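Reading through the structure tokens given below for one structure.
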Amino acid sequence: MNMIEAINSGLDNMMERDENVVIMGEDVGFFGGVFRATAGLQEKYGKTRCFDSPISECGIIGAAVGMGAYGLRPVPEIQFADYIYPGMDQLISEAARLRYRSAGEFIAPLTVRSPFGGGIFGGQTHSQSPEAMFTHVSGLKTVIPSTPYDAKGLLIASIEDNDPVLFFEPKRIYNGPFTGYYDKPVEPWSKFEEAEVPDGHYRVELGKANIVRAGTEVTVLAYGTMVHVAKAVVEEHDIDAEVIDLRTLVPLDIETIEASVQKTGRCLIVHEATRTSGFGAELSALVQERCFYHLEAPIERVTGFDTPYPHSLEWAYFPGPVRIGEALEKIVGELKS
């Protein structure tokens, strides 16, 4: 399966198992979603369980909060993460705080699906990565898969969770992993073992990172599309790096991160979002606090720039192989000399 098929399979599985699971959003019903992730679900489960909403992100999230309090498990889709901002008040002021302010009497078990990130020439209105904004909010969980297997397992775990979850889908890798070399043809997921997705129900636990490549010289922390870019770069540079796919930003598997950095003594953080107040800043602080006496070099970050995502200069903005390679060589330079 590719990631779209895996997400569709996860939604289908949960709708079949739990009649309270409801899908809503712009064009998710009859049309099957702009990326076809919900294709066939309205036909199978009916218009009351998979339905199109008005073009109102605030209304979509607000309705989902009410549905969750009522006992349903809504899965609202925000067609692109760039459009999630009108719904932030409902997410922050209502969904994230409902359990706390009701002393556990009400919950908001909604899972907000949204494609995010660049690499498709979407420009400033279809390429943003707003994940760090939600990691700042107590009561929200933030999940980002990087493979079809994880996409289905993490989505099922998110829907079954009683807290509101932001489920960001890296659209650049819907159809295949991306190494950062934009001028090379895309390899389909069918060539990779991570595309072997079971048909039935399974969970990938939230808060558990995945070591996608073991190593001893430097720890590379990444998520989403950047996992594949980072892995390709370390192998090209013949650096014995340990690449960790965070999978979930909140809850964060800090134990795996800490153990790895204590082993390698070096840390590189990679993400596509803008640099200032990006999630890499939080990761850097945590590594510094917990691994200070083990660090042999300053922590490095390779990120997007503090500008809107440019259309014509997309690959200059994207944290690609050149910038990641330079950071790696800077960190491990003394080991190679």
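Please note that chains go A, B, ... in the order of the structure tokens, that every chain numbers its residues from 1, and that ligands are numbered from 1 in the order shown.
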- Message: Which of range 45-163 of chain A end up as strand (DSSP E) when DSSP is run on this backbone - answer as an NGL selection string?
- Response: :A and (50-52 or 73-77 or 111-116 or 141-143)
Please produce a file of the residues just selected, as a short mmCIF file (atom, residue, chain, number, x, y, z; two decimals), in the first residue's frame, where the atoms kept are N, CA, C and O atoms.
data_model
loop_
_atom_site.label_atom_id
_atom_site.label_comp_id
_atom_site.auth_asym_id
_atom_site.auth_seq_id
_atom_site.Cartn_x
_atom_site.Cartn_y
_atom_site.Cartn_z
N CYS A 50 -19.93 9.55 6.92
CA CYS A 50 -18.86 10.13 6.11
C CYS A 50 -19.50 11.19 5.24
O CYS A 50 -20.14 10.88 4.23
N PHE A 51 -19.35 12.45 5.66
CA PHE A 51 -20.12 13.49 4.98
C PHE A 51 -19.30 14.74 4.72
O PHE A 51 -18.33 15.05 5.43
N ASP A 52 -19.73 15.46 3.68
CA ASP A 52 -19.09 16.72 3.30
C ASP A 52 -19.58 17.84 4.21
O ASP A 52 -20.75 17.89 4.58
N ARG A 73 -16.73 9.61 17.91
CA ARG A 73 -15.29 9.75 17.69
C ARG A 73 -15.08 10.32 16.29
O ARG A 73 -14.81 9.60 15.33
N PRO A 74 -15.23 11.64 16.17
CA PRO A 74 -15.14 12.26 14.85
C PRO A 74 -13.70 12.32 14.33
O PRO A 74 -12.75 12.46 15.10
N VAL A 75 -13.57 12.18 13.01
CA VAL A 75 -12.28 12.33 12.34
C VAL A 75 -12.44 13.43 11.29
O VAL A 75 -12.69 13.16 10.12
N PRO A 76 -12.34 14.68 11.72
CA PRO A 76 -12.45 15.79 10.76
C PRO A 76 -11.18 15.93 9.93
O PRO A 76 -10.07 15.73 10.43
N GLU A 77 -11.36 16.24 8.66
CA GLU A 77 -10.21 16.51 7.80
C GLU A 77 -10.15 17.99 7.47
O GLU A 77 -11.15 18.59 7.08
N THR A 111 -9.83 13.19 16.04
CA THR A 111 -8.55 13.07 15.36
C THR A 111 -8.61 13.91 14.11
O THR A 111 -9.36 13.61 13.17
N VAL A 112 -7.86 15.00 14.10
CA VAL A 112 -7.88 15.95 12.98
C VAL A 112 -6.82 15.55 11.97
O VAL A 112 -5.62 15.68 12.23
N ARG A 113 -7.24 15.03 10.84
CA ARG A 113 -6.32 14.68 9.76
C ARG A 113 -6.05 15.90 8.90
O ARG A 113 -6.96 16.64 8.55
N SER A 114 -4.77 16.08 8.51
CA SER A 114 -4.46 17.20 7.63
C SER A 114 -3.14 16.97 6.90
O SER A 114 -2.11 16.74 7.54
N PRO A 115 -3.14 17.01 5.56
CA PRO A 115 -1.88 16.95 4.80
C PRO A 115 -1.05 18.20 5.07
O PRO A 115 -1.59 19.30 5.14
N PHE A 116 0.27 18.03 5.19
CA PHE A 116 1.12 19.19 5.48
C PHE A 116 2.46 19.04 4.78
O PHE A 116 2.80 17.99 4.25
N LYS A 141 -2.44 16.20 21.29
CA LYS A 141 -1.38 15.30 20.89
C LYS A 141 -1.09 15.52 19.41
O LYS A 141 -1.99 15.84 18.64
N THR A 142 0.18 15.36 19.01
CA THR A 142 0.59 15.66 17.65
C THR A 142 1.32 14.45 17.08
O THR A 142 2.34 14.02 17.63
N VAL A 143 0.79 13.92 15.98
CA VAL A 143 1.28 12.67 15.39
C VAL A 143 1.65 12.91 13.93
O VAL A 143 0.90 13.56 13.20
#
- Residue list (helix (DSSP H, G or I), DSSP) for range 165-208 of chain A, as number ranges by chain: A: 171-173, 189-191, 193-195
Given only C-alpha atoms, how would the per-residue table for range 174-250 of chain A near range 303-322 of chain A read, listing every residue at most 7 Å away with its closest atom pair and distance in Å to one decimal, sorted by chain and number, as a tab-separated table?
residue	atom	partner	partner_atom	distance
A:Gly180	CA	A:Gly320	CA	5.2
A:Val229	CA	A:Pro321	CA	7.0
A:Val233	CA	A:Pro321	CA	5.8
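The coordinates place CA of Asp12 in chain A at 18.5 Å from CA of Ile78 in chain A.
Once range 207-219 of chain A and its same-chain neighbours fewer than 4 positions away are set aside, A:Lys231, A:Ile239, A:Asp240, A:Ala241, A:Glu242, A:Val243, A:Ile244, A:Asp245, A:Leu246, A:Arg247, A:Thr248, A:Leu249, A:Val250, A:Pro251, A:Leu252, A:Asp253, A:Thr256, A:Ser260, A:Val261, A:Lys263, A:Thr264, A:Gly265, A:Arg266, A:Cys267, A:Leu268, A:Ile331, A:Val332 remain within 8 Å of it when counting only C-alpha atoms.
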- Residue nearest Pro198 in chain A among A:Tyr293, A:Phe35, A:Phe30, A:Tyr149 (counting only C-alpha atoms):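 The closest residue to Pro198 in chain A is A:Tyr149.
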- Between CA of Gly33 in chain A and CA of Ser53 in chain A, what is the spacing in Å? 11.6 Å
Pull the closest atom pair for each residue of range 190-235 of chain A that gets at most 12 Å from range 156-176 of chain A, along with the distance in Å to one decimal, counting only C-alpha atoms, ordering rows by chain and then ascending residue number, as CSV.
residue,atom,partner,partner_atom,distance
A:Ser190,CA,A:Gly176,CA,8.1
A:Lys191,CA,A:Gly176,CA,8.9
A:Phe192,CA,A:Gly176,CA,8.9
A:Glu193,CA,A:Gly176,CA,11.8
A:Glu194,CA,A:Gly176,CA,10.4
A:Ala195,CA,A:Gly176,CA,9.2
A:Gly200,CA,A:Ile156,CA,10.8
A:His201,CA,A:Ile156,CA,7.8
A:Tyr202,CA,A:Ile156,CA,7.3
A:Arg203,CA,A:Ala157,CA,5.4
A:Val204,CA,A:Ala157,CA,6.4
A:Glu205,CA,A:Ala157,CA,6.4
A:Leu206,CA,A:Ala157,CA,6.9
A:Gly207,CA,A:Ala157,CA,10.6
A:Lys208,CA,A:Ala157,CA,11.8
A:Tyr223,CA,A:Pro170,CA,9.3
A:Gly224,CA,A:Pro170,CA,5.8
A:Thr225,CA,A:Pro170,CA,6.0
A:Met226,CA,A:Pro170,CA,9.4
A:Val227,CA,A:Ile173,CA,10.6
A:His228,CA,A:Ile173,CA,9.2
A:Val229,CA,A:Ile173,CA,10.9
Put those residues in a file: N, CA and C atoms, as a short mmCIF file (atom, residue, chain, number, x, y, z; two decimals), in the first residue's frame.
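Wrote result-v6.cif, looks like this:
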data_model
loop_
_atom_site.label_atom_id
_atom_site.label_comp_id
_atom_site.auth_asym_id
_atom_site.auth_seq_id
_atom_site.Cartn_x
_atom_site.Cartn_y
_atom_site.Cartn_z
N SER A 190 5.64 0.52 -3.15
CA SER A 190 5.60 -0.93 -3.38
C SER A 190 6.98 -1.58 -3.37
N LYS A 191 8.03 -0.77 -3.53
CA LYS A 191 9.39 -1.31 -3.52
C LYS A 191 9.96 -1.41 -2.11
N PHE A 192 9.22 -0.98 -1.10
CA PHE A 192 9.76 -0.92 0.26
C PHE A 192 8.92 -1.76 1.21
N GLU A 193 9.58 -2.36 2.17
CA GLU A 193 8.88 -3.26 3.09
C GLU A 193 7.92 -2.52 4.01
N GLU A 194 8.14 -1.21 4.21
CA GLU A 194 7.23 -0.43 5.05
C GLU A 194 5.84 -0.29 4.42
N ALA A 195 5.74 -0.68 3.13
CA ALA A 195 4.45 -0.63 2.44
C ALA A 195 3.63 -1.89 2.67
N GLY A 200 -5.98 -6.01 8.64
CA GLY A 200 -6.76 -5.94 9.87
C GLY A 200 -6.33 -4.82 10.80
N HIS A 201 -6.83 -4.92 12.02
CA HIS A 201 -6.61 -3.90 13.04
C HIS A 201 -5.25 -4.09 13.71
N TYR A 202 -4.48 -3.04 13.79
CA TYR A 202 -3.25 -3.03 14.58
C TYR A 202 -2.95 -1.60 14.99
N ARG A 203 -2.17 -1.45 16.04
CA ARG A 203 -1.84 -0.13 16.57
C ARG A 203 -0.33 0.08 16.57
N VAL A 204 0.08 1.31 16.30
CA VAL A 204 1.44 1.76 16.57
C VAL A 204 1.32 2.73 17.73
N GLU A 205 1.87 2.38 18.85
CA GLU A 205 1.65 3.13 20.09
C GLU A 205 2.13 4.57 19.97
N LEU A 206 1.31 5.49 20.44
CA LEU A 206 1.71 6.90 20.47
C LEU A 206 2.81 7.08 21.52
N GLY A 207 3.79 7.92 21.21
CA GLY A 207 4.86 8.19 22.16
C GLY A 207 6.02 7.23 22.08
N LYS A 208 6.10 6.44 21.01
CA LYS A 208 7.21 5.50 20.82
C LYS A 208 7.91 5.80 19.51
N TYR A 223 11.23 13.72 11.49
CA TYR A 223 9.88 13.16 11.43
C TYR A 223 9.29 13.45 10.06
N GLY A 224 8.33 12.65 9.65
CA GLY A 224 7.68 12.85 8.37
C GLY A 224 8.63 12.67 7.20
N THR A 225 8.50 13.53 6.21
CA THR A 225 9.32 13.46 4.99
C THR A 225 10.80 13.47 5.30
N MET A 226 11.20 14.25 6.31
CA MET A 226 12.62 14.45 6.58
C MET A 226 13.32 13.20 7.09
N VAL A 227 12.57 12.21 7.55
CA VAL A 227 13.18 10.94 7.96
C VAL A 227 13.90 10.31 6.77
N HIS A 228 13.24 10.30 5.63
CA HIS A 228 13.81 9.67 4.44
C HIS A 228 14.94 10.49 3.85
N VAL A 229 14.82 11.79 3.90
CA VAL A 229 15.89 12.66 3.41
C VAL A 229 17.14 12.48 4.27
#
- From A:Val137, A:Glu196, A:Ala285, A:Ile120, residue lying nearest Phe178 in chain A [only C-alpha atoms]: A:Ile120
